[in-house]
Amino acid sequence: MNPLRSAILAAARSDRLRTTITAARPTRAVVDRFVAGETTADALRVATELAGAGCVVSLDHLGEDVTDAAEAGRVVDAYREVVAALADAGLADRVEVSVKLSALGQALGADGERIAADHAASICAAAAEAGTTVTVDAEDHTTTDSTLRVVATLRETWPWVGAVLQAQLRRTEDDCRALAGAGSRVRLCKGAYAEPESAAHAVAGEVRASFARCAGVLLDGAGLPMFATHDPALIGPLTERLRATGRDPRTVEFQMLYGVRPDEQRRLAGEGHTVRVYVPYGTQWYGYLMRRLAERPANVGFFLRALAGRR
């Protein structure tokens with residue numbers, strides 16, 4: 001793994017650095033670029049702007065690794081609130097929500113998986129009533145089996161529940177084959193967690209090659225592939241394949257993060273592709289921000305300029 005990326009991901013786990021960085025006023029410039037804000041109103045404002053620009057959206061209420069049952073309940077309440085707000089604003093057909101099971105209690109001991117599944121079901125029920133959908137995010141490789149079990153359970157009632165697979169994991173090509181069935185919504189991303197080499201590809205070129213193979217499996221399947229990447233070396237061949245095969249662009253999504261390559265988002269949308277922007281919001285932005293910095297060195301320069309007051 002790139003030493004800079006390793007250092008940033010280590011910083012994401014440092015309570016001391018978390019305190020220092022979150023207290024620094026210039027950090028706000030970076031947060032505002034990648035995070036919609038802290039409230040439901042902020043999330044709706046950004047979602048409305050993006051929908052007006054021709055994109056669809058996935059909202060992520062930031063938080064993970066919750067070890068307090070009451071906090072997990074508050075996360076559920078936040079999701080139910082934003083889903084109801086989407087319905088009231090007439091955005092439910094263009095904006096869904098993404099959830100992390102670790103924010104819903106997955107780590108709460110032996111019953112964590114059941115607790116998280118019950119909480120996710122509550123969010124899915126609210127989403128169904130509002131007319132929108134839910135995608136269950138991937139986290140580090142130790143949670144993959146548990147997360148996919150929960151997704152399978154949720155899909156028994158709500159078959160539109162989205163799954164997320166990470167191309168950096170060595171197992172993912174097989175998981176793509178298992179999840180490429182009719183109607184299956186699968187978001188394929190590279191992966192943003194520090195993983196052991198035994199479980200994950202360690203070299204950027206290997207991750208890119210794995211993504212391309214996994215994308216091919218999903219495109220050959222009967223589901224809805226959702227390609228979450230900003231990498232031109234992946235986007236170019238994917239769009240060319242869609243053109244060459246004459247595939248309806250509405251049967252594929254390109255997904256990108258809020259604040260990352262917005263010009264490319266608009267370009268793809270302008271060409272008729274479905275572009276979904278992943279929009280995080282909430283107060284627990286530190287870990288998310290660190291992973292964004294680790295993914296792209298240019299973001300580190302932006303961050304350092306902001307801290308120095310030279311945004």
# chains A, B, ... in the order shown; residues from 1 in each chain; ligands from 1
call {"tool": "select_by_dssp", "arguments": {"residues": "range 87-146 of chain A", "states": "alpha helix (DSSP H)", "output": "ChimeraX atom specification"}}
result
/A:87-89,112-130,144-146
call {"tool": "residues_around", "arguments": {"residues": "Phe227 in chain A", "least_positions_apart": "3", "cutoff": "10 Å", "atoms": "only C-alpha atoms", "output": "VMD selection string"}}
result
chain A and resid 164 186 to 190 211 215 218 224 230 234 to 235 238 252 to 256 275 to 276
call {"tool": "closest_residue", "arguments": {"among": "A:Thr157, A:Ser58, A:Ser102, A:Thr283", "to": "Thr142 in chain A", "atoms": "only C-alpha atoms"}}
result
A:Ser102
call {"tool": "residues_around", "arguments": {"residues": "Ala103 in chain A", "least_positions_apart": "5", "cutoff": "12 Å", "atoms": "only C-alpha atoms", "output": "mmCIF file with N, CA, C and O atoms, in the first residue's frame"}}
result
data_model
loop_
_atom_site.group_PDB
_atom_site.id
_atom_site.type_symbol
_atom_site.label_atom_id
_atom_site.label_comp_id
_atom_site.auth_asym_id
_atom_site.auth_seq_id
_atom_site.Cartn_x
_atom_site.Cartn_y
_atom_site.Cartn_z
ATOM 1 N N ASP A 60 -25.849 9.824 2.760
ATOM 2 C CA ASP A 60 -25.222 9.017 3.804
ATOM 3 C C ASP A 60 -25.140 9.845 5.075
ATOM 4 O O ASP A 60 -24.419 10.848 5.132
ATOM 5 N N HIS A 61 -25.893 9.428 6.113
ATOM 6 C CA HIS A 61 -25.775 10.075 7.415
ATOM 7 C C HIS A 61 -24.524 9.535 8.086
ATOM 8 O O HIS A 61 -24.459 8.357 8.455
ATOM 9 N N LEU A 62 -23.507 10.374 8.227
ATOM 10 C CA LEU A 62 -22.189 9.917 8.637
ATOM 11 C C LEU A 62 -22.176 9.331 10.043
ATOM 12 O O LEU A 62 -22.797 9.859 10.962
ATOM 13 N N GLY A 63 -21.419 8.265 10.175
ATOM 14 C CA GLY A 63 -21.266 7.587 11.449
ATOM 15 C C GLY A 63 -20.929 6.131 11.198
ATOM 16 O O GLY A 63 -21.357 5.556 10.198
ATOM 17 N N GLU A 64 -20.137 5.540 12.084
ATOM 18 C CA GLU A 64 -19.762 4.141 11.945
ATOM 19 C C GLU A 64 -19.195 3.661 13.268
ATOM 20 O O GLU A 64 -18.939 4.446 14.194
ATOM 21 N N ASP A 65 -19.028 2.347 13.371
ATOM 22 C CA ASP A 65 -18.420 1.723 14.560
ATOM 23 C C ASP A 65 -19.126 2.133 15.845
ATOM 24 O O ASP A 65 -18.493 2.391 16.876
ATOM 25 N N VAL A 66 -20.455 2.177 15.807
ATOM 26 C CA VAL A 66 -21.240 2.534 16.990
ATOM 27 C C VAL A 66 -21.234 1.364 17.972
ATOM 28 O O VAL A 66 -21.491 0.218 17.597
ATOM 29 N N THR A 67 -20.925 1.647 19.231
ATOM 30 C CA THR A 67 -20.897 0.608 20.259
ATOM 31 C C THR A 67 -21.876 0.898 21.388
ATOM 32 O O THR A 67 -21.828 0.276 22.439
ATOM 33 N N ASP A 68 -22.788 1.836 21.156
ATOM 34 C CA ASP A 68 -23.796 2.201 22.141
ATOM 35 C C ASP A 68 -25.172 2.018 21.514
ATOM 36 O O ASP A 68 -25.463 2.591 20.452
ATOM 37 N N ALA A 69 -26.025 1.234 22.152
ATOM 38 C CA ALA A 69 -27.330 0.914 21.579
ATOM 39 C C ALA A 69 -28.178 2.159 21.370
ATOM 40 O O ALA A 69 -28.901 2.267 20.366
ATOM 41 N N ALA A 70 -28.096 3.095 22.305
ATOM 42 C CA ALA A 70 -28.902 4.319 22.178
ATOM 43 C C ALA A 70 -28.445 5.129 20.971
ATOM 44 O O ALA A 70 -29.273 5.701 20.243
ATOM 45 N N GLU A 71 -27.139 5.182 20.732
ATOM 46 C CA GLU A 71 -26.629 5.912 19.580
ATOM 47 C C GLU A 71 -27.092 5.261 18.276
ATOM 48 O O GLU A 71 -27.454 5.941 17.315
ATOM 49 N N ALA A 72 -27.072 3.936 18.230
ATOM 50 C CA ALA A 72 -27.565 3.244 17.033
ATOM 51 C C ALA A 72 -29.022 3.600 16.772
ATOM 52 O O ALA A 72 -29.434 3.802 15.614
ATOM 53 N N GLY A 73 -29.803 3.704 17.823
ATOM 54 C CA GLY A 73 -31.203 4.110 17.670
ATOM 55 C C GLY A 73 -31.337 5.516 17.136
ATOM 56 O O GLY A 73 -32.231 5.804 16.319
ATOM 57 N N ARG A 74 -30.437 6.395 17.563
ATOM 58 C CA ARG A 74 -30.487 7.774 17.059
ATOM 59 C C ARG A 74 -30.138 7.838 15.570
ATOM 60 O O ARG A 74 -30.675 8.668 14.829
ATOM 61 N N VAL A 75 -29.237 6.961 15.136
ATOM 62 C CA VAL A 75 -28.905 6.904 13.707
ATOM 63 C C VAL A 75 -30.141 6.495 12.903
ATOM 64 O O VAL A 75 -30.435 7.072 11.854
ATOM 65 N N VAL A 76 -30.864 5.497 13.400
ATOM 66 C CA VAL A 76 -32.098 5.079 12.719
ATOM 67 C C VAL A 76 -33.074 6.245 12.631
ATOM 68 O O VAL A 76 -33.681 6.501 11.583
ATOM 69 N N ASP A 77 -33.229 6.969 13.725
ATOM 70 C CA ASP A 77 -34.141 8.120 13.736
ATOM 71 C C ASP A 77 -33.727 9.156 12.698
ATOM 72 O O ASP A 77 -34.581 9.755 12.019
ATOM 73 N N ALA A 78 -32.405 9.379 12.566
ATOM 74 C CA ALA A 78 -31.919 10.358 11.588
ATOM 75 C C ALA A 78 -32.263 9.930 10.169
ATOM 76 O O ALA A 78 -32.666 10.756 9.329
ATOM 77 N N TYR A 79 -32.125 8.636 9.892
ATOM 78 C CA TYR A 79 -32.466 8.144 8.547
ATOM 79 C C TYR A 79 -33.967 8.229 8.292
ATOM 80 O O TYR A 79 -34.400 8.609 7.189
ATOM 81 N N SER A 98 -27.925 5.700 1.805
ATOM 82 C CA SER A 98 -26.930 4.649 2.019
ATOM 83 C C SER A 98 -26.706 4.517 3.519
ATOM 84 O O SER A 98 -26.620 5.527 4.225
ATOM 85 N N LEU A 108 -22.409 -4.480 18.251
ATOM 86 C CA LEU A 108 -22.949 -4.581 19.616
ATOM 87 C C LEU A 108 -22.996 -6.034 20.085
ATOM 88 O O LEU A 108 -24.054 -6.607 20.343
ATOM 89 N N GLY A 112 -25.177 -8.197 17.630
ATOM 90 C CA GLY A 112 -24.991 -7.014 16.797
ATOM 91 C C GLY A 112 -25.572 -7.152 15.405
ATOM 92 O O GLY A 112 -26.212 -6.221 14.887
ATOM 93 N N GLU A 113 -25.348 -8.299 14.773
ATOM 94 C CA GLU A 113 -25.864 -8.471 13.406
ATOM 95 C C GLU A 113 -27.388 -8.401 13.383
ATOM 96 O O GLU A 113 -27.981 -7.756 12.510
ATOM 97 N N ILE A 115 -29.337 -6.882 15.587
ATOM 98 C CA ILE A 115 -29.738 -5.509 15.900
ATOM 99 C C ILE A 115 -29.618 -4.623 14.662
ATOM 100 O O ILE A 115 -30.526 -3.862 14.321
ATOM 101 N N ALA A 116 -28.479 -4.741 13.971
ATOM 102 C CA ALA A 116 -28.269 -3.938 12.773
ATOM 103 C C ALA A 116 -29.287 -4.287 11.695
ATOM 104 O O ALA A 116 -29.798 -3.404 10.990
ATOM 105 N N ALA A 117 -29.590 -5.571 11.548
ATOM 106 C CA ALA A 117 -30.575 -5.987 10.548
ATOM 107 C C ALA A 117 -31.954 -5.423 10.870
ATOM 108 O O ALA A 117 -32.675 -4.955 9.969
ATOM 109 N N HIS A 119 -32.593 -2.711 12.602
ATOM 110 C CA HIS A 119 -32.549 -1.266 12.363
ATOM 111 C C HIS A 119 -32.586 -0.962 10.865
ATOM 112 O O HIS A 119 -33.283 -0.034 10.430
ATOM 113 N N ALA A 120 -31.846 -1.737 10.091
ATOM 114 C CA ALA A 120 -31.873 -1.527 8.643
ATOM 115 C C ALA A 120 -33.256 -1.789 8.078
ATOM 116 O O ALA A 120 -33.719 -1.085 7.161
ATOM 117 N N VAL A 136 -26.884 -0.679 1.200
ATOM 118 C CA VAL A 136 -26.111 -1.011 2.401
ATOM 119 C C VAL A 136 -24.635 -0.942 2.054
ATOM 120 O O VAL A 136 -24.128 -1.716 1.229
ATOM 121 N N ASP A 137 -23.924 -0.028 2.666
ATOM 122 C CA ASP A 137 -22.519 0.205 2.364
ATOM 123 C C ASP A 137 -21.634 -0.960 2.810
ATOM 124 O O ASP A 137 -21.954 -1.680 3.756
ATOM 125 N N ALA A 138 -20.495 -1.089 2.135
ATOM 126 C CA ALA A 138 -19.457 -2.026 2.561
ATOM 127 C C ALA A 138 -18.507 -1.329 3.528
ATOM 128 O O ALA A 138 -18.288 -0.118 3.429
ATOM 129 N N GLU A 139 -17.951 -2.112 4.436
ATOM 130 C CA GLU A 139 -16.942 -1.579 5.360
ATOM 131 C C GLU A 139 -15.723 -2.514 5.291
ATOM 132 O O GLU A 139 -15.492 -3.132 4.258
ATOM 133 N N GLN A 284 -20.356 13.523 12.163
ATOM 134 C CA GLN A 284 -19.284 12.520 12.283
ATOM 135 C C GLN A 284 -18.529 12.383 10.954
ATOM 136 O O GLN A 284 -18.494 11.321 10.338
#
call {"tool": "decode", "arguments": {"residues": "range 130-269 of chain A", "atoms": "C-alpha atoms", "output": "compact mmCIF listing (two decimals), in the first residue's frame"}}
result
# COMPACT_ATOMS: atom_id res chain seq x y z
CA ALA A 130 -41.63 7.22 0.92
CA GLY A 131 -40.98 5.68 -2.51
CA THR A 132 -37.20 5.53 -2.38
CA THR A 133 -34.51 2.86 -1.92
CA VAL A 134 -31.65 1.92 0.42
CA THR A 135 -28.12 0.75 -0.32
CA VAL A 136 -26.11 -1.01 2.40
CA ASP A 137 -22.52 0.21 2.36
CA ALA A 138 -19.46 -2.03 2.56
CA GLU A 139 -16.94 -1.58 5.36
CA ASP A 140 -13.71 -3.39 6.22
CA HIS A 141 -13.31 -7.01 5.14
CA THR A 142 -14.07 -8.44 8.59
CA THR A 143 -17.69 -7.32 8.20
CA THR A 144 -18.29 -8.51 4.62
CA ASP A 145 -19.96 -11.85 5.37
CA SER A 146 -22.19 -10.33 8.03
CA THR A 147 -23.15 -7.42 5.77
CA LEU A 148 -24.04 -9.65 2.82
CA ARG A 149 -26.14 -11.87 5.10
CA VAL A 150 -28.10 -8.82 6.22
CA VAL A 151 -28.54 -7.66 2.62
CA ALA A 152 -29.89 -11.09 1.66
CA THR A 153 -32.37 -10.96 4.53
CA LEU A 154 -33.53 -7.44 3.66
CA ARG A 155 -33.99 -8.40 0.01
CA GLU A 156 -36.54 -11.05 0.98
CA THR A 157 -38.91 -8.15 1.70
CA TRP A 158 -37.35 -5.31 -0.29
CA PRO A 159 -35.62 -6.79 -3.37
CA TRP A 160 -34.39 -3.34 -4.39
CA VAL A 161 -31.94 -3.10 -1.47
CA GLY A 162 -28.50 -2.31 -2.89
CA ALA A 163 -25.30 -4.15 -2.01
CA VAL A 164 -21.78 -2.71 -2.16
CA LEU A 165 -18.69 -4.68 -3.16
CA GLN A 166 -15.06 -3.53 -3.02
CA ALA A 167 -12.76 -4.40 -5.90
CA GLN A 168 -9.68 -4.32 -3.67
CA LEU A 169 -10.87 -7.46 -1.85
CA ARG A 170 -9.70 -10.71 -3.40
CA ARG A 171 -13.11 -12.34 -2.89
CA THR A 172 -15.09 -9.71 -4.79
CA GLU A 173 -15.13 -11.27 -8.26
CA ASP A 174 -16.88 -14.31 -6.79
CA ASP A 175 -19.25 -12.07 -4.84
CA CYS A 176 -20.12 -10.25 -8.08
CA ARG A 177 -21.07 -13.55 -9.71
CA ALA A 178 -23.26 -14.43 -6.74
CA LEU A 179 -25.01 -11.04 -6.77
CA ALA A 180 -25.42 -10.46 -10.51
CA GLY A 181 -28.94 -11.88 -10.67
CA ALA A 182 -32.07 -10.24 -12.04
CA GLY A 183 -32.99 -6.99 -10.32
CA SER A 184 -29.92 -7.00 -8.07
CA ARG A 185 -28.54 -3.50 -7.44
CA VAL A 186 -24.77 -3.72 -6.86
CA ARG A 187 -22.45 -0.78 -6.29
CA LEU A 188 -18.87 -1.66 -7.20
CA CYS A 189 -16.18 0.57 -5.72
CA LYS A 190 -12.42 0.23 -5.36
CA GLY A 191 -12.47 0.23 -1.54
CA ALA A 192 -11.16 2.76 0.97
CA TYR A 193 -10.17 0.69 4.01
CA ALA A 194 -6.71 -0.42 5.13
CA GLU A 195 -6.79 -4.18 4.54
CA PRO A 196 -4.24 -6.98 4.98
CA GLU A 197 -2.61 -8.30 1.81
CA SER A 198 -4.07 -11.72 2.55
CA ALA A 199 -7.56 -10.30 1.98
CA ALA A 200 -6.95 -7.49 -0.50
CA HIS A 201 -4.92 -6.42 -3.50
CA ALA A 202 -2.20 -4.05 -2.32
CA VAL A 203 -1.14 -2.41 -5.59
CA ALA A 204 -3.23 0.24 -7.34
CA GLY A 205 -2.88 -1.46 -10.71
CA GLU A 206 -4.14 -4.74 -9.26
CA VAL A 207 -7.16 -3.00 -7.74
CA ARG A 208 -7.93 -1.34 -11.07
CA ALA A 209 -7.65 -4.67 -12.91
CA SER A 210 -9.90 -6.32 -10.34
CA PHE A 211 -12.46 -3.53 -10.78
CA ALA A 212 -12.47 -4.05 -14.54
CA ARG A 213 -12.99 -7.82 -14.17
CA CYS A 214 -15.75 -7.35 -11.60
CA ALA A 215 -17.45 -4.73 -13.77
CA GLY A 216 -17.46 -7.20 -16.64
CA VAL A 217 -19.15 -9.83 -14.46
CA LEU A 218 -21.85 -7.36 -13.43
CA LEU A 219 -22.43 -6.14 -16.99
CA ASP A 220 -22.83 -9.73 -18.14
CA GLY A 221 -25.39 -10.33 -15.39
CA ALA A 222 -29.06 -9.42 -15.18
CA GLY A 223 -28.88 -6.86 -12.38
CA LEU A 224 -28.30 -3.11 -12.16
CA PRO A 225 -24.55 -2.40 -11.97
CA MET A 226 -23.59 0.80 -10.17
CA PHE A 227 -19.97 1.75 -10.88
CA ALA A 228 -18.56 3.95 -8.14
CA THR A 229 -15.29 5.31 -9.50
CA HIS A 230 -13.63 8.59 -10.49
CA ASP A 231 -10.85 6.83 -12.40
CA PRO A 232 -10.70 7.86 -16.08
CA ALA A 233 -8.90 4.60 -16.87
CA LEU A 234 -12.06 2.76 -15.79
CA ILE A 235 -14.78 5.20 -16.83
CA GLY A 236 -13.54 5.46 -20.43
CA PRO A 237 -13.63 1.72 -21.21
CA LEU A 238 -16.96 1.31 -19.40
CA THR A 239 -18.69 4.05 -21.39
CA GLU A 240 -17.16 2.69 -24.60
CA ARG A 241 -18.50 -0.78 -23.84
CA LEU A 242 -21.97 0.65 -23.23
CA ARG A 243 -21.87 2.45 -26.57
CA ALA A 244 -20.50 -0.56 -28.43
CA THR A 245 -23.13 -2.94 -27.07
CA GLY A 246 -26.01 -0.47 -27.38
CA ARG A 247 -26.97 -1.08 -23.78
CA ASP A 248 -29.66 1.22 -22.40
CA PRO A 249 -27.75 3.70 -20.18
CA ARG A 250 -30.63 3.62 -17.70
CA THR A 251 -29.63 0.06 -16.79
CA VAL A 252 -26.26 1.22 -15.42
CA GLU A 253 -25.28 3.93 -12.93
CA PHE A 254 -22.04 5.82 -12.56
CA GLN A 255 -21.55 6.93 -8.96
CA MET A 256 -19.21 9.59 -7.66
CA LEU A 257 -18.56 11.32 -4.36
CA TYR A 258 -19.84 14.79 -3.61
CA GLY A 259 -17.04 17.27 -4.26
CA VAL A 260 -14.90 14.91 -6.35
CA ARG A 261 -14.66 15.57 -10.12
CA PRO A 262 -17.94 17.53 -10.37
CA ASP A 263 -17.14 18.48 -13.99
CA GLU A 264 -16.94 14.79 -14.89
CA GLN A 265 -20.24 14.18 -13.13
CA ARG A 266 -21.91 16.85 -15.27
CA ARG A 267 -20.21 15.58 -18.44
CA LEU A 268 -21.46 12.03 -17.95
CA ALA A 269 -24.96 13.23 -17.08
